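Structure file work.cif (mmCIF, C-alpha atoms) is printed below.
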```cif
data_protein
#
loop_
_atom_site.label_atom_id
_atom_site.label_comp_id
_atom_site.auth_asym_id
_atom_site.auth_seq_id
_atom_site.Cartn_x
_atom_site.Cartn_y
_atom_site.Cartn_z
CA MET I 111 -11.72 11.53 -4.10
CA PRO I 112 -11.11 8.99 -6.86
CA ILE I 113 -7.92 6.93 -6.98
CA TRP I 114 -6.47 6.66 -10.44
CA SER I 115 -4.51 3.58 -11.53
CA THR I 116 -2.55 3.68 -14.76
CA VAL I 117 -2.19 0.27 -16.35
CA ALA I 118 0.32 -0.47 -19.08
CA PHE I 119 -0.16 -3.82 -20.80
CA VAL I 120 3.16 -4.50 -22.50
CA THR I 121 4.09 -7.67 -24.34
CA ALA I 122 7.57 -8.91 -25.11
CA CYS I 123 7.08 -7.90 -28.74
CA GLY I 124 5.94 -4.46 -27.72
CA LEU I 125 9.10 -3.94 -25.72
CA ALA I 126 11.42 -5.08 -28.51
CA LEU I 127 12.33 -1.52 -29.48
CA SER I 128 12.91 -0.49 -25.88
CA THR I 129 15.06 -3.55 -25.30
CA ALA I 130 17.19 -2.70 -28.30
CA VAL I 131 17.70 0.86 -27.08
CA LEU I 132 18.25 0.22 -23.38
CA ALA I 133 21.38 -1.68 -22.44
CA THR I 134 20.84 -4.50 -20.00
CA GLY I 135 23.78 -3.30 -17.97
CA VAL I 136 25.37 -6.72 -17.53
CA THR I 137 28.83 -6.16 -16.18
CA ASN I 138 30.47 -9.31 -17.58
CA GLN I 139 32.71 -9.51 -14.53
CA GLY I 140 31.95 -13.17 -13.96
CA ASP I 141 29.12 -14.96 -12.24
CA VAL I 142 27.41 -12.93 -9.51
CA PHE I 143 27.68 -16.08 -7.38
CA ASP I 144 31.35 -15.27 -6.90
CA ARG I 145 30.91 -11.51 -6.50
CA VAL I 146 28.18 -11.11 -3.90
CA THR I 147 28.72 -10.32 -0.24
CA HIS I 148 26.98 -12.70 2.15
CA GLY I 149 25.35 -11.78 5.42
CA TYR I 150 22.70 -12.77 7.96
CA ALA I 151 19.86 -10.91 9.59
CA VAL I 152 18.08 -12.26 12.67
CA SER I 153 14.28 -12.38 12.63
CA ASP I 154 12.84 -13.45 16.00
CA GLY I 155 15.78 -15.77 16.51
CA VAL I 156 15.76 -17.15 12.93
CA LYS I 157 18.83 -16.35 10.84
CA ILE I 158 17.99 -15.19 7.32
CA HIS I 159 20.82 -15.41 4.82
CA TYR I 160 21.18 -12.82 2.07
CA ALA I 161 23.51 -12.09 -0.83
CA SER I 162 24.27 -8.43 -1.61
CA LEU I 163 25.69 -6.67 -4.65
CA GLY I 164 26.12 -2.97 -5.46
CA LYS I 165 25.48 0.31 -3.65
CA GLY I 166 22.61 2.76 -3.69
CA PRO I 167 18.89 2.62 -2.86
CA LEU I 168 17.94 -0.76 -1.45
CA VAL I 169 16.19 -3.45 -3.52
CA VAL I 170 15.23 -6.66 -1.68
CA MET I 171 14.46 -9.75 -3.76
CA ILE I 172 12.46 -12.74 -2.47
CA HIS I 173 12.45 -16.10 -4.26
CA GLY I 174 9.70 -18.70 -4.46
CA PHE I 175 9.42 -22.51 -4.66
CA PRO I 176 11.69 -24.32 -5.34
CA ASP I 177 14.42 -21.72 -5.52
CA PHE I 178 17.05 -19.70 -3.64
CA TRP I 179 18.68 -16.27 -3.84
CA TYR I 180 20.56 -17.14 -7.05
CA SER I 181 17.28 -16.99 -9.01
CA TRP I 182 17.88 -13.24 -9.32
CA ARG I 183 21.40 -13.43 -10.76
CA HIS I 184 20.54 -11.69 -14.04
CA GLN I 185 18.68 -8.83 -12.37
CA MET I 186 21.27 -8.45 -9.61
CA ASP I 187 24.06 -8.08 -12.12
CA ALA I 188 22.37 -5.24 -13.99
CA LEU I 189 20.70 -3.40 -11.10
CA SER I 190 23.82 -3.44 -8.92
CA GLN I 191 25.27 -0.55 -10.96
CA THR I 192 22.67 1.77 -9.41
CA PHE I 193 21.21 -0.07 -6.40
CA GLU I 194 22.19 -2.18 -3.44
CA VAL I 195 20.51 -5.40 -4.50
CA VAL I 196 19.93 -7.91 -1.71
CA ALA I 197 18.51 -11.35 -2.51
CA ILE I 198 17.45 -13.43 0.46
CA ASP I 199 17.14 -17.15 1.09
CA GLN I 200 13.69 -17.56 2.59
CA ARG I 201 13.55 -19.56 5.83
CA GLY I 202 13.90 -23.27 5.15
CA TYR I 203 16.08 -22.71 2.09
CA ASN I 204 19.81 -22.96 1.44
CA GLN I 205 21.79 -21.02 4.07
CA SER I 206 18.89 -19.59 6.08
CA ASP I 207 17.67 -21.27 9.28
CA LYS I 208 15.09 -24.04 9.01
CA PRO I 209 12.80 -23.89 12.05
CA LYS I 210 10.58 -26.91 12.64
CA GLY I 211 6.80 -26.86 12.67
CA VAL I 212 4.16 -25.71 10.21
CA GLU I 213 3.46 -22.64 12.35
CA SER I 214 7.04 -21.46 11.79
CA TYR I 215 6.12 -20.66 8.18
CA ASP I 216 3.16 -18.41 8.88
CA MET I 217 2.90 -15.47 6.49
CA ARG I 218 3.34 -12.99 9.33
CA LEU I 219 6.77 -14.49 10.04
CA LEU I 220 7.78 -14.54 6.37
CA VAL I 221 6.96 -10.84 6.11
CA GLY I 222 8.89 -10.24 9.33
CA ASP I 223 11.97 -11.90 7.82
CA VAL I 224 12.05 -9.32 5.02
CA ALA I 225 11.59 -6.45 7.46
CA ALA I 226 14.44 -7.84 9.59
CA VAL I 227 16.79 -7.81 6.60
CA ILE I 228 15.92 -4.20 5.79
CA ARG I 229 16.48 -3.09 9.38
CA HIS I 230 19.69 -5.13 9.65
CA LEU I 231 21.03 -3.19 6.66
CA GLY I 232 20.28 0.08 8.43
CA ARG I 233 17.48 1.11 6.08
CA ASP I 234 13.94 2.29 6.73
CA ARG I 235 12.40 1.15 3.42
CA ALA I 236 13.19 -0.65 0.18
CA THR I 237 11.89 -1.66 -3.21
CA ILE I 238 10.42 -5.12 -2.64
CA VAL I 239 10.67 -7.72 -5.42
CA GLY I 240 9.05 -11.14 -5.16
CA HIS I 241 8.38 -14.21 -7.32
CA ASP I 242 5.92 -17.02 -6.58
CA TRP I 243 5.94 -17.49 -2.77
CA GLY I 244 8.23 -14.49 -2.66
CA GLY I 245 5.52 -12.69 -4.58
CA ILE I 246 2.82 -13.35 -2.00
CA VAL I 247 5.24 -12.32 0.75
CA ALA I 248 5.93 -9.13 -1.22
CA TRP I 249 2.20 -8.38 -1.63
CA GLN I 250 1.60 -8.92 2.07
CA PHE I 251 4.67 -6.88 3.00
CA ALA I 252 3.44 -3.93 0.94
CA MET I 253 -0.07 -4.14 2.39
CA ASN I 254 1.01 -4.51 6.00
CA LEU I 255 4.17 -2.40 6.05
CA PRO I 256 3.50 0.42 3.59
CA GLN I 257 5.93 2.70 5.40
CA MET I 258 8.76 0.30 4.49
CA THR I 259 7.74 -0.22 0.86
CA GLU I 260 9.27 2.17 -1.68
CA ASN I 261 8.13 0.26 -4.78
CA LEU I 262 6.68 -3.20 -5.38
CA VAL I 263 7.72 -5.60 -8.16
CA ILE I 264 5.81 -8.88 -8.53
CA LEU I 265 6.66 -11.79 -10.83
CA ASN I 266 4.12 -14.52 -11.65
CA LEU I 267 1.95 -14.16 -8.60
CA PRO I 268 -1.47 -12.50 -8.96
CA HIS I 269 -2.74 -10.27 -6.19
CA PRO I 270 -4.24 -12.40 -3.37
CA GLN I 271 -7.73 -11.20 -4.33
CA GLY I 272 -7.19 -12.20 -7.94
CA LEU I 273 -5.90 -15.66 -7.05
CA SER I 274 -8.72 -16.18 -4.54
CA ARG I 275 -11.31 -15.27 -7.16
CA GLU I 276 -9.84 -17.65 -9.74
CA LEU I 277 -9.75 -20.48 -7.19
CA ARG I 278 -13.50 -20.00 -6.83
CA ILE I 279 -14.60 -19.58 -10.47
CA ASN I 280 -11.82 -20.68 -12.87
CA ALA I 281 -11.87 -24.44 -13.52
CA GLU I 282 -8.43 -24.29 -15.12
CA GLN I 283 -6.90 -22.56 -12.09
CA ILE I 284 -8.58 -25.06 -9.77
CA LYS I 285 -7.05 -27.91 -11.77
CA ASN I 286 -3.67 -26.16 -11.89
CA SER I 287 -3.68 -25.93 -8.09
CA GLU I 288 -4.00 -29.68 -7.52
CA TYR I 289 -0.25 -29.86 -6.95
CA ALA I 290 -0.68 -27.52 -3.96
CA ARG I 291 -3.31 -29.84 -2.45
CA ASN I 292 -0.79 -32.63 -2.88
CA PHE I 293 1.85 -30.61 -1.03
CA GLN I 294 -0.63 -29.90 1.77
CA GLN I 295 -1.60 -33.54 2.26
CA LYS I 296 1.67 -35.41 1.79
CA SER I 297 5.05 -35.53 3.48
CA PRO I 298 8.43 -35.03 1.80
CA ALA I 299 9.08 -38.76 2.21
CA ASP I 300 6.18 -39.69 -0.09
CA PRO I 301 7.70 -40.95 -3.37
CA THR I 302 4.96 -39.21 -5.40
CA VAL I 303 4.80 -35.88 -3.60
CA PHE I 304 6.64 -33.80 -6.22
CA PHE I 305 4.56 -34.10 -9.39
CA GLY I 306 4.61 -37.90 -9.16
CA ARG I 307 8.25 -38.07 -8.14
CA PRO I 308 10.15 -37.99 -4.84
CA MET I 309 11.50 -34.75 -3.42
CA THR I 310 15.20 -34.88 -4.15
CA ALA I 311 17.60 -32.02 -4.75
CA GLU I 312 18.03 -33.18 -8.34
CA ASN I 313 14.28 -33.33 -9.02
CA LEU I 314 13.68 -29.93 -7.44
CA ALA I 315 16.37 -28.43 -9.68
CA GLY I 316 15.00 -30.06 -12.83
CA TRP I 317 13.40 -26.82 -14.08
CA VAL I 318 16.76 -25.01 -14.26
CA ARG I 319 17.92 -25.01 -17.87
CA ASP I 320 21.53 -23.85 -17.54
CA PRO I 321 23.72 -26.82 -16.49
CA ALA I 322 26.14 -24.71 -14.43
CA ALA I 323 23.29 -23.00 -12.62
CA ARG I 324 21.52 -26.33 -12.06
CA LYS I 325 24.60 -27.61 -10.24
CA ARG I 326 24.40 -24.66 -7.84
CA TYR I 327 20.69 -25.33 -7.34
CA VAL I 328 21.29 -28.97 -6.46
CA GLU I 329 23.86 -27.90 -3.87
CA ALA I 330 21.45 -25.30 -2.43
CA PHE I 331 18.59 -27.79 -2.22
CA GLN I 332 20.86 -30.31 -0.51
CA ARG I 333 21.23 -27.68 2.23
CA SER I 334 17.48 -26.98 2.31
CA ASP I 335 14.65 -28.54 4.31
CA PHE I 336 12.01 -30.22 2.14
CA GLU I 337 9.50 -30.31 4.99
CA ALA I 338 9.90 -26.54 5.37
CA MET I 339 9.19 -26.07 1.65
CA LEU I 340 5.87 -27.90 2.01
CA ASN I 341 5.03 -26.00 5.18
CA TYR I 342 4.59 -22.84 3.11
CA TYR I 343 1.65 -24.56 1.43
CA LYS I 344 0.32 -26.23 4.56
CA ARG I 345 0.24 -22.99 6.51
CA ASN I 346 -0.69 -20.37 3.91
CA TYR I 347 -2.17 -21.78 0.69
CA PRO I 348 -6.00 -21.83 0.47
CA ARG I 349 -7.34 -25.27 1.33
CA GLN I 350 -10.64 -24.98 -0.51
CA SER I 351 -11.52 -24.18 -4.09
CA GLY I 352 -14.63 -23.86 -6.22
CA ALA I 353 -17.96 -23.07 -4.58
CA ASP I 354 -16.58 -24.10 -1.16
CA ALA I 355 -13.82 -21.46 -1.20
CA PRO I 356 -14.77 -18.37 0.79
CA PRO I 357 -13.79 -14.98 -0.65
CA LEU I 358 -10.98 -13.13 1.04
CA PRO I 359 -11.89 -10.30 3.39
CA GLU I 360 -11.18 -6.83 2.07
CA LEU I 361 -7.46 -6.09 2.09
CA PRO I 362 -5.75 -2.69 2.35
CA LYS I 363 -4.78 -1.20 -0.99
CA VAL I 364 -1.09 -1.27 -1.87
CA GLN I 365 0.21 2.28 -1.46
CA ALA I 366 3.38 1.89 -3.54
CA PRO I 367 3.81 1.94 -7.33
CA VAL I 368 3.54 -1.61 -8.67
CA LEU I 369 5.33 -3.37 -11.54
CA MET I 370 4.12 -6.87 -12.45
CA PHE I 371 5.60 -9.45 -14.82
CA HIS I 372 3.75 -12.57 -15.89
CA GLY I 373 5.03 -15.39 -18.09
CA LEU I 374 1.92 -16.47 -19.96
CA ARG I 375 3.05 -20.10 -20.21
CA ASP I 376 2.79 -20.49 -16.44
CA THR I 377 0.98 -23.77 -15.77
CA ALA I 378 0.47 -23.10 -12.05
CA LEU I 379 -0.93 -19.56 -11.91
CA HIS I 380 -3.49 -18.57 -14.52
CA SER I 381 -3.08 -15.16 -16.11
CA ASP I 382 -6.81 -14.45 -15.61
CA GLY I 383 -5.89 -13.79 -11.99
CA LEU I 384 -4.26 -10.54 -13.12
CA SER I 385 -7.59 -9.01 -14.10
CA GLY I 386 -8.74 -6.35 -11.67
CA THR I 387 -5.35 -5.80 -10.04
CA TRP I 388 -5.83 -2.07 -10.60
CA ASN I 389 -8.70 -2.18 -8.11
CA TRP I 390 -6.35 -3.21 -5.30
CA VAL I 391 -3.52 -0.69 -5.76
CA ALA I 392 -3.65 3.02 -4.99
CA LYS I 393 -0.87 4.18 -7.31
CA ASP I 394 0.33 3.39 -10.81
CA LEU I 395 0.36 -0.21 -12.00
CA THR I 396 2.51 -1.44 -14.90
CA LEU I 397 1.77 -4.96 -16.15
CA VAL I 398 4.27 -6.66 -18.48
CA THR I 399 3.39 -9.97 -20.12
CA ALA I 400 5.94 -12.37 -21.61
CA PRO I 401 4.11 -14.71 -24.03
CA GLU I 402 6.95 -17.23 -24.39
CA ALA I 403 7.97 -17.38 -20.72
CA GLY I 404 6.77 -19.82 -18.11
CA HIS I 405 6.50 -19.59 -14.35
CA PHE I 406 10.13 -18.56 -13.78
CA VAL I 407 9.84 -15.42 -15.88
CA GLN I 408 12.93 -13.78 -14.32
CA GLN I 409 15.01 -16.49 -15.99
CA ASP I 410 12.88 -17.44 -19.01
CA ALA I 411 12.67 -13.78 -20.12
CA ALA I 412 15.70 -12.46 -18.26
CA ASP I 413 16.51 -9.61 -20.67
CA LEU I 414 12.92 -8.37 -20.79
CA VAL I 415 12.57 -8.47 -17.01
CA THR I 416 15.96 -6.90 -16.34
CA THR I 417 15.66 -4.10 -18.89
CA THR I 418 12.11 -3.22 -17.89
CA MET I 419 12.94 -3.27 -14.20
CA LYS I 420 15.89 -0.90 -14.77
CA TRP I 421 13.73 1.52 -16.79
CA TRP I 422 10.82 1.38 -14.35
CA LEU I 423 12.92 1.89 -11.21
CA ALA I 424 14.79 4.76 -12.90
CA SER I 425 11.50 6.44 -13.78
CA ARG I 426 10.27 6.07 -10.19
CA ALA I 427 13.50 7.64 -8.89
CA ALA I 428 13.08 10.53 -11.33
CA HIS I 429 9.77 11.37 -9.70
#
```
How would this structure read if it were set down as structure tokens?
Amino acid sequence: MPIWSTVAFVTACGLALSTAVLATGVTNQGDVFDRVTHGYAVSDGVKIHYASLGKGPLVVMIHGFPDFWYSWRHQMDALSQTFEVVAIDQRGYNQSDKPKGVESYDMRLLVGDVAAVIRHLGRDRATIVGHDWGGIVAWQFAMNLPQMTENLVILNLPHPQGLSRELRINAEQIKNSEYARNFQQKSPADPTVFFGRPMTAENLAGWVRDPAARKRYVEAFQRSDFEAMLNYYKRNYPRQSGADAPPLPELPKVQAPVLMFHGLRDTALHSDGLSGTWNWVAKDLTLVTAPEAGHFVQQDAADLVTTTMKWWLASRAAH
């Protein structure tokens, strides 16, 4: 029996009319930083901090590197009118626990942290949203815990099979991944570890454009563990590329509907990795590209991401 995947390639220009018609739903009640409810779930003895806003079906958001729960402020504000939106701090970051040892950042444990938050909130399943490292956790969550995955939303992180393929055959992706090799080989104390600079809270927050938000990022990174951040790469990122990189074994197809966003100016993850995603999902796939956005598409193209996510989740609920 064939499995049909519907793919919608939508650019920012193509969504201009939809964006004009659909309200973003921003409540204008002040910064979500001051309106969220904070809590902790325990995952095998590790406390995972989360920030929650709104009531309704559960949406769990997972940030990447270097980031924290506040990355989702624009989406949380809009979605909280209809959903309970819960953004976590991944282990090692901000107010979550920071266990020592590379093995403490194994993908199995990162997936378990998300499951622990869902169970802590008294739910059986949720829409899972992930960016960057949060994106790979979200992919793995959906593949390994399909019964807990209502919908899957991925931002700037190709499917593991797509990334693995590009690390074997795409010279530009191989070059783009040199920073990850650096993270795998160096310690946080190395003065050149972070793109030729030391790992400081200020340097890690340098990508944040809004001055008020950047201040919150610096404070969050001052509470974070830089060694833990690198352990994500040391434990989980492929160590080989080019002809030496083995292909991934066959992975289970994602059984949930999938929405993907990709900022085409991403200099870390090549958009060619998106090709073929429809082969690895069993239900509908919607792919939205943002030509002017970079790696942090949820902030660079906040209105596009927020409006599309609202429309897409509403259409899933209607079915």
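For the residues I:Glu260, I:Asp199, I:Glu329, I:Glu337, ranking by smallest atom-to-atom distance to I:Asp234 using all atoms listed in the file places I:Glu260 first.
From atom CA of I:Phe251 back to atom CA of I:Thr399, the distance works out to 23.4 Å.
Atom CA of I:Gly272 to atom CA of I:Met370 spans 13.3 Å [interatomic distance, one decimal].
Summary of the local environment: counting all atoms listed in the file, residues at most 12 Å from I:Ala353, other than itself and those fewer than 2 positions away along its chain, are Ser274, Arg275, Glu276, Leu277, Arg278, Ile279, Asn280, Ala281, Ile284, Gln350, Ser351, Ala355, Pro356 and Pro357 of chain I.
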Determine, for each residue of stretch 332-380 of chain I having at least one atom at most 7 Å from an atom of stretch 208-232 of chain I, the closest pair of atoms and their separation in Å to one decimal, counting all atoms listed in the file; order by chain and ascending number, as CSV.
```
residue,atom,partner,partner_atom,distance
I:Asp335,CA,I:Lys208,CA,6.5
I:Ala338,CA,I:Lys208,CA,6.8
I:Asn341,CA,I:Val212,CA,5.1
I:Tyr342,CA,I:Tyr215,CA,5.7
I:Lys344,CA,I:Val212,CA,6.9
I:Arg345,CA,I:Asp216,CA,5.9
I:Asn346,CA,I:Asp216,CA,6.6
```
Residues of stretch 194-302 of chain I within 10 Å of stretch 402-423 of chain I: nearest atom pair and distance (Å, one decimal) for each, counting only C-alpha atoms, sorted by chain and number, as JSON lines?
```
{"residue": "I:Thr237", "atom": "CA", "partner": "I:Leu423", "partner_atom": "CA", "distance": 8.8}
{"residue": "I:His241", "atom": "CA", "partner": "I:Phe406", "partner_atom": "CA", "distance": 8.0}
{"residue": "I:Asp242", "atom": "CA", "partner": "I:His405", "partner_atom": "CA", "distance": 8.2}
{"residue": "I:Asn261", "atom": "CA", "partner": "I:Leu423", "partner_atom": "CA", "distance": 8.2}
{"residue": "I:Leu262", "atom": "CA", "partner": "I:Leu423", "partner_atom": "CA", "distance": 9.9}
{"residue": "I:Val263", "atom": "CA", "partner": "I:Met419", "partner_atom": "CA", "distance": 8.3}
{"residue": "I:Leu265", "atom": "CA", "partner": "I:Val407", "partner_atom": "CA", "distance": 7.0}
{"residue": "I:Asn266", "atom": "CA", "partner": "I:His405", "partner_atom": "CA", "distance": 6.2}
{"residue": "I:Leu267", "atom": "CA", "partner": "I:His405", "partner_atom": "CA", "distance": 9.1}
```
Emit the selected residues as a compact mmCIF listing (two decimals), in the frame of the given file, including C-alpha atoms.
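So the final result, stored in selection.txt, reads:
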```txt
# COMPACT_ATOMS: atom_id res chain seq x y z
CA THR I 237 11.89 -1.66 -3.21
CA HIS I 241 8.38 -14.21 -7.32
CA ASP I 242 5.92 -17.02 -6.58
CA ASN I 261 8.13 0.26 -4.78
CA LEU I 262 6.68 -3.20 -5.38
CA VAL I 263 7.72 -5.60 -8.16
CA LEU I 265 6.66 -11.79 -10.83
CA ASN I 266 4.12 -14.52 -11.65
CA LEU I 267 1.95 -14.16 -8.60
```
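The residue that comes closest to I:Gly240, out of I:Glu360, I:Asp394, I:Asp177, I:Asp300 and on the basis of all atoms listed in the file, is I:Asp177.
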Need the shell around I:Phe304: protein/DNA/RNA residues with any atom at most 8 Å away, counting all atoms listed in the file. Skip same-chain ones fewer than 4 positions apart. Format as an mmCIF file with C-alpha atoms, in the coordinates of the input?
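Okay, this is what ended up in around_16.cif:
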```
data_model
loop_
_atom_site.group_PDB
_atom_site.id
_atom_site.type_symbol
_atom_site.label_atom_id
_atom_site.label_comp_id
_atom_site.auth_asym_id
_atom_site.auth_seq_id
_atom_site.Cartn_x
_atom_site.Cartn_y
_atom_site.Cartn_z
ATOM 1 C CA TYR I 289 -0.250 -29.860 -6.950
ATOM 2 C CA PHE I 293 1.850 -30.610 -1.030
ATOM 3 C CA PRO I 308 10.150 -37.990 -4.840
ATOM 4 C CA MET I 309 11.500 -34.750 -3.420
#
```
Take atom CA of I:Asp187 and atom CA of I:Gln332 and report the distance between them in Å, one decimal.
25.3 Å
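The closest residue to I:Trp390, picked from I:Phe371, I:Trp249, I:Phe336, I:Phe331 and counting only C-alpha atoms, is I:Trp249.
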If you count all atoms listed in the file, which residues fall within 12 Å of I:Arg319, apart from same-chain ones fewer than 3 positions away, as a ChimeraX atom specification?
/I:181,315-316,322-327,406,409-410
Kindly export the residues of the current selection with C-alpha atoms, as a tab-separated table (two decimals), in the coordinates of the input.
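Everything below was put into part07.tsv:
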```tsv
chain	number	residue	atom	x	y	z
I	181	SER	CA	17.28	-16.99	-9.01
I	315	ALA	CA	16.37	-28.43	-9.68
I	316	GLY	CA	15.00	-30.06	-12.83
I	322	ALA	CA	26.14	-24.71	-14.43
I	323	ALA	CA	23.29	-23.00	-12.62
I	324	ARG	CA	21.52	-26.33	-12.06
I	325	LYS	CA	24.60	-27.61	-10.24
I	326	ARG	CA	24.40	-24.66	-7.84
I	327	TYR	CA	20.69	-25.33	-7.34
I	406	PHE	CA	10.13	-18.56	-13.78
I	409	GLN	CA	15.01	-16.49	-15.99
I	410	ASP	CA	12.88	-17.44	-19.01
```
Chain and number of each residue from the PyMOL selection byres ((chain I and resi 157) around 10), as a list of chain:residue names:
I:Gly149, I:Tyr150, I:Ala151, I:Val152, I:Ser153, I:Asp154, I:Gly155, I:Val156, I:Ile158, I:His159, I:Tyr160, I:Asp199, I:Gln200, I:Arg201, I:Gln205, I:Ser206, I:Asp207, I:Lys208, I:Pro209, I:Asp223, I:Ala226, I:Val227
Taking the file as I've supplied it (selection: the PyMOL selection byres ((chain I and resi 291) around 10)), which residues are included? Please answer as a PyMOL selection string.
chain I and resi 287-290+292-296+343-344+347-350
Find the residues around I:Phe193 up to 10 Å (all atoms listed in the file counted), leave out those fewer than 4 positions away in its own chain, and share them as a list in words.
Leu163, Gly164, Lys165, Gly166, Pro167, Leu168, Val169, Met186, Ala188, Leu189, Thr237, Lys420 and Leu423 of chain I
Using the file's own x, y and z axes, so that the box edges lie along x, y and z, what centre and edge lengths in Å (one decimal) does a box around every listed atom of stretch 358-365 of chain I get when 8 Å is added on each side? Give it as AutoDock Vina command-line options.
```
--center_x -5.8 --center_y -5.4 --center_z 0.8 --size_x 28.1 --size_y 31.4 --size_z 21.3
```
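Omitting I:Val391 and its sequence neighbours fewer than 4 positions away, and counting all atoms listed in the file, the residues within 8 Å are Ser115, Lys363, Val364, Gln365, Ala366, Pro367, Val368, Thr387 and Leu395 of chain I.
Between I:Gly383 and the residues I:Val196, I:Ala252, I:His269, I:Pro362, the shortest atom-to-atom distance, using only C-alpha atoms, involves I:His269.
Taking all atoms listed in the file into account, I:Gln271 lies nearest to I:Asp382 out of the set I:Asp141, I:Glu312, I:Glu194, I:Asp382.
Here the question is which of I:Arg333, I:Pro268, I:Val247, I:Asn313 gets nearest to I:Ser385 using only C-alpha atoms, and that residue is I:Pro268.
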